[in-house]
Structure formats: C-alpha cells, structure tokens
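S.K.: My questions will all concern the structure given below.
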Amino acid sequence: MPVSPELLAAPALLLQALAGRGLQVAMQAPAAPDAAAARPIVNATHLLLPALDIAMQRAAVAHAAAHLLYSRPAQPSATLKPLGLAVVGAVEDARVELLLADTLPGVRTWFDAPLRQVREPEGLSVHALFSRLALALHDEHYADGNHWVDKARTLFAAARRENGLEDDTAFRRLASVLANDLGQMRVRFDPRLYAVPAPYRDDNSYLWQHGATRETEAQPLPSPITLQAPPADSTVPAIETTMPALAYPEWDYRSGVLRPDWCQLYELRPLAAVQTAPPPAHRPLLPLQRVRPQHGRRLRRQWEGDTLDLDAAIEAAVERCLQRAPTGRIFQRPGPQVRPLSLLVLLDLSLSTGERAAGQARSLLEVEQEAALLLARSAQGAGERIALHGFCSDTRAQVRYHRLLDFGEPLDAQAAARLQAQRAAWSTRLGTALRHACALLAAEPAERRALLVLTDGAPADVDVHDARYLVEDARAAVLDAARLGLPVCGLAVDAGAAAYARRIFGAGNYRIAETPDQLPRQLAALHARFSCV
Amino acid sequence: MQRDLDATDPLADYRVRTPPYYRPAAREVALYEHAYAHRLPLMLKGPTGCGKTRFVEYMAWKLGRPLVTLACNEDMSASDLVGRWLLDERGTTWHDGPLTLAVRHGGICYLDEVVEARQDTTVVIHPLTDARRMLPLDRKGELVHAHPDFQLVVSYNPGYQSRAKDMKPSTRQRFAALEFDYPPEAVETEIVAHEAGIAPELAARLVGIARRSRALRERGLDEGASTRMLIYAGTLIRDGVDPRDSCDMTMTRALTDAPDMAAALRDLVDASFP
C-alpha cells in the first residue's frame, strides 16, 4: 500500500478561497538529486508542492490560483520548441500574477521577495536571463541593462497598455519574438536541467497538453451482484441478510463529485453464535461520567420563574398578613435538564483488526469487542441509549454492515455472544458504513445523538488503489453527518493515525490510542465528551 | 400630539421612529407589502447577518406598525411569549408577554431564530397563524382575538441547523416564506460602504474577502463572513485600525477556531490589502 502523500489543509483552503476552486494540495516526493530543482506542479486535481518555507508556499498557492483563474489549460504545444515553451510560460506567469494582484493587491509582496531573491545579476545563462526577465515583468520600475530583458519589459508594457492583461494573444506574440531573439543569441537551453528560477512558480505543465487521455469515469457495478458465501475455511460466522442491498453514494475527491449509488451495502444480522464465547471476566465498568437527566425536577422558591410556587406564595401572603416582610422567592421553574444521549458505536471488523501485534496477548478485535461491551454496559446502566454496529467491506459491491446491538435492545448474554462471535474479515470502506450508520442514527428520536467510530487504520479496500480516495470519502460522509446534527468522533488504534484521523474527523474530533491497551481509557474519554452538555 | 398618542399607545416603545437603512436586493419589499396586506404569517430564511432583521425593521417603519422583536432561545418557555402572573403588593397581576402585546394592540411580532425555541413553545403560535387569528391565554382564562394590524414574522437560518432543531412541518407550513442570501456584490459593497462609513473601494475589498471566504463553506467553515461582519470590519478600519488587524478581529477569529482554517483566512485577508 503506497503511503498517502501528506495533505496540506491550510494551503488547500487558501487556494479554494483565492481561486474559488478546490484542488488537493500535497507534498511532492523528494526529487532525485541529479534532476532539475523541484517546482510546484499544477494539474486538474492537484497542486503538488516541493519542500518550501511558509512564505514561499503561500506564494506558490497564489501563483497556482492565478493560473487557475486566468490561464487557458492544456493548450496544444505542438509547434513550440522547449525554449519557446519556457518563454511563453515566463510571460504567462507574469501576466496572470499581475491580473491576480489587480484584485488582490496583497499578493504582489508575496511574489516580490522571492523574485528579487533569485535574481542573478550577472551572466547570460538561461537561468540568469529568466530570473531577471521575471523580475522585469513583475516590476515595471526595475531597469536591468540587458538588451533582451529591457526589450521584454518594453514589449510587455506596450501589450498591456494596448490590450489589457486579459487577452493573452498579444502576449503569446511577444513571447515568440523574445524566444526568437534568444535563439539568435545562441543561449544554451537544456530542457532537462531547466527549472523556473523562482521556486514558488510551477513548472507550467498545466498550460500544455501532453496528449494523455482522461480515464473513463463511469464504471458500472458488475452485475448481477451475488453475495458470496464466505469460503468454508473462513472464520466469518454464518450470516443471514435481513435487507436487500442499499445503494450509497461515494465522494470522488479527484473529480469533486458524489458518485450516486456507487456502493452496495448489505445489512446482516449474524446468526446466534455457534459456540458461545466464555463469559467475560468481571471487570469494573468504564468510569463513565454520570450526568443524569433529571426529568420533571423543578426548582422551587426562586426569585423568578414560569409559575408561582403555591406553597411559597401562600407563606408569603401569610407573612404579609402578619405584617412581616415576606420573602420574594415565590416562583418555580424547570431545572436544567440533561437531554438523553443516543450513541452509535461503529466497529471496524476488517481483517487487520484480527491480527495480534507482537508482544500483545490479544488481537485488536478482541480488545475492541471487550471495550465496546464495557461501554455499552456502562452507558445502558447510566440510562443512555447505545447501539453497537460493525462493518467490513469487499469492494464497493459488498459493504457488510452488522447490527450487533440495536438501540433499546438489552445487552443480554445473547447480544454479548453475538458481539464476541464476530470475526475479522475483509477491508475497511468506512464512508459507506458511516452513511448507513447516520441514516440509522437519524431515525433516533433523542435530541442528542452521536456516532463513534472505532478503527485500526486508514480506510482501504481492494478495489481502491489511491490511498487518499477512501479517506476523502469518509471525510465527506463525516461532514454530511455534521450537517445533519450528528457529530462523529473517531478513535483510531494506530500510532500513525494522526494525519488521516484528523482529515476524516476534523481537528479535535478524534483520539488516537497508540496501542490496544489504551483503548478503554480513550473510549471513556471520548464518551465523556458526548455526555457533557 | 405625539406625546398624547404615546400615553395611550401601549406599543409606543416598539415603534420604529427613524427610517432604518435598507437597500433592497430584489422584490422583497413589494412581496412583503402584499403579504402584509393579507396579514399572511411570514418566514424569512437566510444565512446569519445577511439583513433579515434589518429588513423587518425597515418594513415595520414603512408600514407604520410597531415591531415587537423576540430573540428565541432554547430556554424560552411559552410564558415568555404570552405572559405570566406576577405578584405585587395587591396580590397577583397578569403581565402580557411580548407576543400578547403585539396581538392585542396590533404590532408586527418578529420571532428571530425561531428554531432555537423548543418545539413545544412554538406551538402557541398555531392558532394565530390560521384563519382563527387568536391567542388563548389558558393560564389567565382569556381568549385574545388578534388586532386587525397584527402580523407574525419569524426568521431562521437553514444553513447550520441540525435535524434536531428543525421546524415541525405543522408549524412551517403555516408561513409564506421569503428567502434571503447575501446581496449581489455591487449591492453588498454599497451596503458596507454606507453602514460602516467607508470608501467604496475599501468596501469592495472587504466584500471580496467575504465572497472568497464563502467559498470555504463546504470545507469546514460553517458559514462565510457575513455582511454584518464586513460592516464591523469597516467600522474599525474607519476608526484607524489596521485593515489586517481589523479583519483578524472581526472575521478570522470570529469565524473559526481551527488553526488551518484561520491560517488560510489570514492569508486571504493579507492578499486582499495592498
């Protein structure tokens, strides 16, 4: 499984704000040492950044936004030589930056410093000339002294005066004049070693067509769909379907669309466990915070309230008849009420949870099951409504959803056995399971509802090869849930979970248990978050 | 003359004396007038700070009706709307609540953010919002028939409401609805320049920031910067506060606690000022 490149949230948000259009912003893999210096890359879905400091990163985002707003993407490059492409690119960079600075004048200073920093004052190498060309087009007061650079500045200013910056044809024309001049000057140009001088500017591959064809988007589900019986040697217990397949959409972050009816979810109810697991040893219940609803409690003898406190009012009247100063506390009003909570706990039942880590006596699934049982006991003991559901997936055609304990169901020996009979299998298509869990939770009448996801790793499935795809889908599902007023929290038992857990659940809405042993305590801590009003 | 009138007018305090500034964005003024002509209950929908409350004030002034405004909240009870018994030296006396005042004396009652009130509270408006137009005060044993000038207006923000806090269908289908959004760019610029007392160029810059921040609504920001925020920002800038500090205070910090989002908004503000 390839490591998902680090996603950068703040630059992505800035790009969305500046360009009104979202791209994923991610770090590039480190370049080979002998290659040309790495520059940002813009394509239809991504802005890939090399290692840059914060100020340079901000300039790179603004520059990319300028291209997205004002450049024509994927122009045919057939008739242009590499040197011509570089000159057209340099002129285009300057043009779109000036256009952006017209509406957002603050970005001018973002570009200014790096352009001055990389200027090579001497020399006639292509790098030196281009570094000064960039500054000359950026700053009309910059006088270079080199004939070619000054000519570029004069032509650029003239084109800008005559036609404005919006129309790029005049600028294409002047770029070809400049490229021609460079050819005459016999400047050596090696496209393999050339990189735009300013590190924040992208390589302009966005501008040119490379002849690649777009992959087809629509891939119908293989049909007819048959729910495969698990192989005989599988440890998955016998199952019965209780419902026909449900179709759920899936978010495709690359194209920014919600693919309708993309995943099939089967809701399964495990048959009673064949062999009942030994009853769990007695353990102290989780130290859940007990904030109990106090229904019908009214605060009496208040200074103000909805209704008179009859006893107090009569006493006051008596006091007055006795010519004594009555107390004014004669009202009653409802006391603050803690509204009851409905909590749905979604367990990851994928194969990886069944593995025993080195030095651990029990698999994560076993710890998960035990912690979930404890949580359910404590919550039910405290008068809360709790449901335990689990999921695993085998491609988008088959997401399995197990309702192990439903809302309002007593946690008897049968339910406990059902939970403990679950065996780890298959993969983690979290987004689809989340959507289904939300649909179930939304039907709960309680005013306060919440969803808690217990998982051991980033979402993954065998038919998805882009590690980020299912993370983004799960995030979309979490955001949808939040819009419905269903907060989703995550608990990941994975020391390296910070990046994807934060991406999926949002800052502050997840906890990470480094090892399974920490799971019960983290679970209690998360539960406390919901219990406090 | 005015003084004499005031002495007999229980809603004198609720009259809108000075014309409020309101810049219409579409045909909402004419539509409201038609609705009022038939005393239809109205629901104003729209995001926070886009001018719903100002619009009601303006219409109350234009129609010459007193305006009784109530900001709804979760702890609001039916007594807070209709009134309650209070004790004084002579015994108990009934005090009309704001809604009863408007119903009795012919005002426009405006329930701001009505979904914030509990659903069992909002049902007291049901008999007022159909052909009966009456308000039973069961605690007092009185049935108040609405004054001919009375109208009920409620507002709510569909953007961030949870499903738990939605209006009951039986409540919402009693209202005619007007939908509000942030005004078009040019209009919003005009409003911000007028209200904050700043130059149109500066107002346009602020509006640019707001429009771009609204593009982040789906990406972790509950709501973008509102017109009201822009007016706050402009007011501080007019006072001599640095534009970046002003926007940081009135927009970035007010909109988000998330560090990534705050960084992006701060850069957006930085990009927008020379």
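How things are named: the first chain in the structure tokens is A, the next is B, and so on; residues count from 1 in each chain; ligands count from 1 in the order shown.
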Compile the contact shell of Ala60 in chain B as a VMD selection string: residues with an atom at most 9 Å away, counting only C-alpha atoms, same-chain residues fewer than 4 positions apart removed.
M.R.: chain B and resid 15 to 16 55 to 56 64 to 67 107 to 108
S.K.: Quick one: pull the distance between CA of Thr455 in chain A and CA of Ser378 in chain A, Å, one decimal.
M.R.: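 That distance, rounded to one decimal, is 20.8 Å.
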S.K.: May I have the residues within 7 Å of Val192 in chain B as a PyMOL selection string, using only C-alpha atoms and disregarding those fewer than 6 positions away in the same chain?
M.R.: chain B and resi 203+230-231
S.K.: Using only C-alpha atoms, find which residues of chain A lie within 7 Å of chain B and jot them down as a ChimeraX atom specification.
M.R.: /A:9-11,13-14,16-18,20,104-107,306,447,483-485,507
S.K.: Neighbouring residues of Trp251 in chain A were defined as those with any atom within 12 Å, considering only C-alpha atoms; residues of the same chain fewer than 2 positions away were excluded. Please report them as a CSV table (one decimal) with N, CA and C atoms, in the first residue's frame.
M.R.:
```csv
chain,number,residue,atom,x,y,z
A,248,TYR,N,-25.4,3.4,-1.7
A,248,TYR,CA,-25.0,4.7,-1.1
A,248,TYR,C,-24.0,5.3,-2.1
A,249,PRO,N,-24.0,6.7,-2.1
A,249,PRO,CA,-23.1,7.4,-3.0
A,249,PRO,C,-21.6,7.3,-2.4
A,253,TYR,N,-12.9,12.5,-4.7
A,253,TYR,CA,-12.3,13.8,-4.5
A,253,TYR,C,-11.5,14.3,-5.7
A,254,ARG,N,-11.1,13.3,-6.6
A,254,ARG,CA,-10.4,13.7,-7.8
A,254,ARG,C,-11.2,14.6,-8.7
A,255,SER,N,-12.5,14.1,-8.9
A,255,SER,CA,-13.3,14.9,-9.8
A,255,SER,C,-14.3,15.8,-9.0
A,256,GLY,N,-14.3,15.7,-7.7
A,256,GLY,CA,-15.1,16.5,-6.9
A,256,GLY,C,-16.6,16.3,-7.1
A,257,VAL,N,-17.0,15.0,-7.4
A,257,VAL,CA,-18.4,14.7,-7.5
A,257,VAL,C,-18.8,13.6,-6.6
A,258,LEU,N,-20.0,13.6,-6.2
A,258,LEU,CA,-20.6,12.5,-5.4
A,258,LEU,C,-21.1,11.5,-6.4
A,259,ARG,N,-20.4,10.3,-6.5
A,259,ARG,CA,-20.9,9.3,-7.4
A,259,ARG,C,-22.2,8.7,-6.9
A,260,PRO,N,-23.3,8.9,-7.5
A,260,PRO,CA,-24.5,8.4,-7.0
A,260,PRO,C,-24.6,6.8,-7.0
A,261,ASP,N,-25.2,6.3,-6.0
A,261,ASP,CA,-25.4,4.8,-5.9
A,261,ASP,C,-24.2,4.0,-6.2
A,262,TRP,N,-23.1,4.4,-5.6
A,262,TRP,CA,-21.8,3.8,-6.1
A,262,TRP,C,-21.5,2.5,-5.3
A,263,CYS,N,-21.9,2.4,-4.0
A,263,CYS,CA,-21.6,1.3,-3.2
A,263,CYS,C,-22.9,0.6,-2.8
A,430,LEU,N,-15.0,2.8,5.0
A,430,LEU,CA,-15.6,3.5,6.1
A,430,LEU,C,-16.7,4.4,5.7
A,431,GLY,N,-16.6,5.1,4.6
A,431,GLY,CA,-17.5,6.1,4.2
A,431,GLY,C,-18.9,5.6,4.0
A,432,THR,N,-19.0,4.5,3.3
A,432,THR,CA,-20.3,3.9,3.1
A,432,THR,C,-21.0,3.4,4.4
A,435,ARG,N,-22.3,6.4,6.2
A,435,ARG,CA,-23.6,6.9,5.7
A,435,ARG,C,-24.7,6.1,6.2
A,468,ARG,N,-5.7,7.9,-0.8
A,468,ARG,CA,-6.4,9.0,-0.2
A,468,ARG,C,-7.9,9.0,-0.5
A,469,TYR,N,-8.3,8.2,-1.5
A,469,TYR,CA,-9.7,8.2,-2.0
A,469,TYR,C,-10.7,7.9,-0.9
A,470,LEU,N,-10.5,6.8,-0.2
A,470,LEU,CA,-11.5,6.5,0.8
A,470,LEU,C,-11.4,7.4,2.0
A,471,VAL,N,-10.2,7.9,2.3
A,471,VAL,CA,-10.1,8.9,3.4
A,471,VAL,C,-11.0,10.1,3.1
A,472,GLU,N,-10.9,10.6,1.8
A,472,GLU,CA,-11.7,11.8,1.4
A,472,GLU,C,-13.2,11.4,1.4
A,473,ASP,N,-13.5,10.2,1.0
A,473,ASP,CA,-14.9,9.8,1.0
A,473,ASP,C,-15.4,9.8,2.5
A,474,ALA,N,-14.6,9.2,3.4
A,474,ALA,CA,-15.1,9.2,4.8
A,474,ALA,C,-15.2,10.6,5.3
A,475,ARG,N,-14.3,11.5,4.9
A,475,ARG,CA,-14.4,12.8,5.4
A,475,ARG,C,-15.7,13.5,4.9
A,476,ALA,N,-16.0,13.2,3.6
A,476,ALA,CA,-17.3,13.8,3.1
A,476,ALA,C,-18.5,13.2,3.9
A,477,ALA,N,-18.4,11.9,4.2
A,477,ALA,CA,-19.5,11.4,5.0
A,477,ALA,C,-19.6,12.0,6.4
A,478,VAL,N,-18.5,12.3,7.0
A,478,VAL,CA,-18.5,12.9,8.3
A,478,VAL,C,-19.1,14.3,8.2
A,479,LEU,N,-18.7,15.1,7.2
A,479,LEU,CA,-19.2,16.4,7.0
A,479,LEU,C,-20.7,16.4,6.8
A,480,ASP,N,-21.2,15.4,6.0
A,480,ASP,CA,-22.6,15.3,5.8
A,480,ASP,C,-23.3,15.1,7.1
```
S.K.: Please identify all polymer residues within 6 Å of range 141-151 of chain B, counting only C-alpha atoms, omitting same-chain residues fewer than 2 positions from it, and present them as a VMD selection string.
M.R.: chain B and resid 39 103 to 108 133 to 139
S.K.: Which residues are near Thr69 in chain B? Cut-off 10 Å, only C-alpha atoms, ignore same chain within fewer than 4 positions. Put them as a list in words.
M.R.: Tyr14, Thr53, Val56, Glu57, Pro98, Leu99, Ala102, Ile108, Cys109, Tyr110, Leu111, Asp112, Val153 and Val154 of chain B
S.K.: Write a file of the just-selected residues containing C-alpha atoms, as a compact mmCIF listing (two decimals), in the first residue's frame.
M.R.:
```txt
# COMPACT_ATOMS: atom_id res chain seq x y z
CA TYR B 14 -41.86 49.45 19.93
CA THR B 53 -33.73 41.63 10.94
CA VAL B 56 -38.25 43.58 9.15
CA GLU B 57 -37.35 46.84 10.90
CA PRO B 98 -44.40 40.40 24.04
CA LEU B 99 -46.42 38.22 21.71
CA ALA B 102 -48.43 42.63 19.66
CA ILE B 108 -45.68 43.06 13.98
CA CYS B 109 -44.26 40.31 16.17
CA TYR B 110 -40.86 39.13 14.96
CA LEU B 111 -39.51 35.86 16.37
CA ASP B 112 -35.83 35.88 15.47
CA VAL B 153 -42.91 37.15 11.20
CA VAL B 154 -40.31 34.53 12.04
```
S.K.: Using Å and a single decimal, report how far CA of Ala387 in chain A sits from CA of His436 in chain A.
M.R.: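 Rounded to one decimal, the two atoms are 13.3 Å apart.
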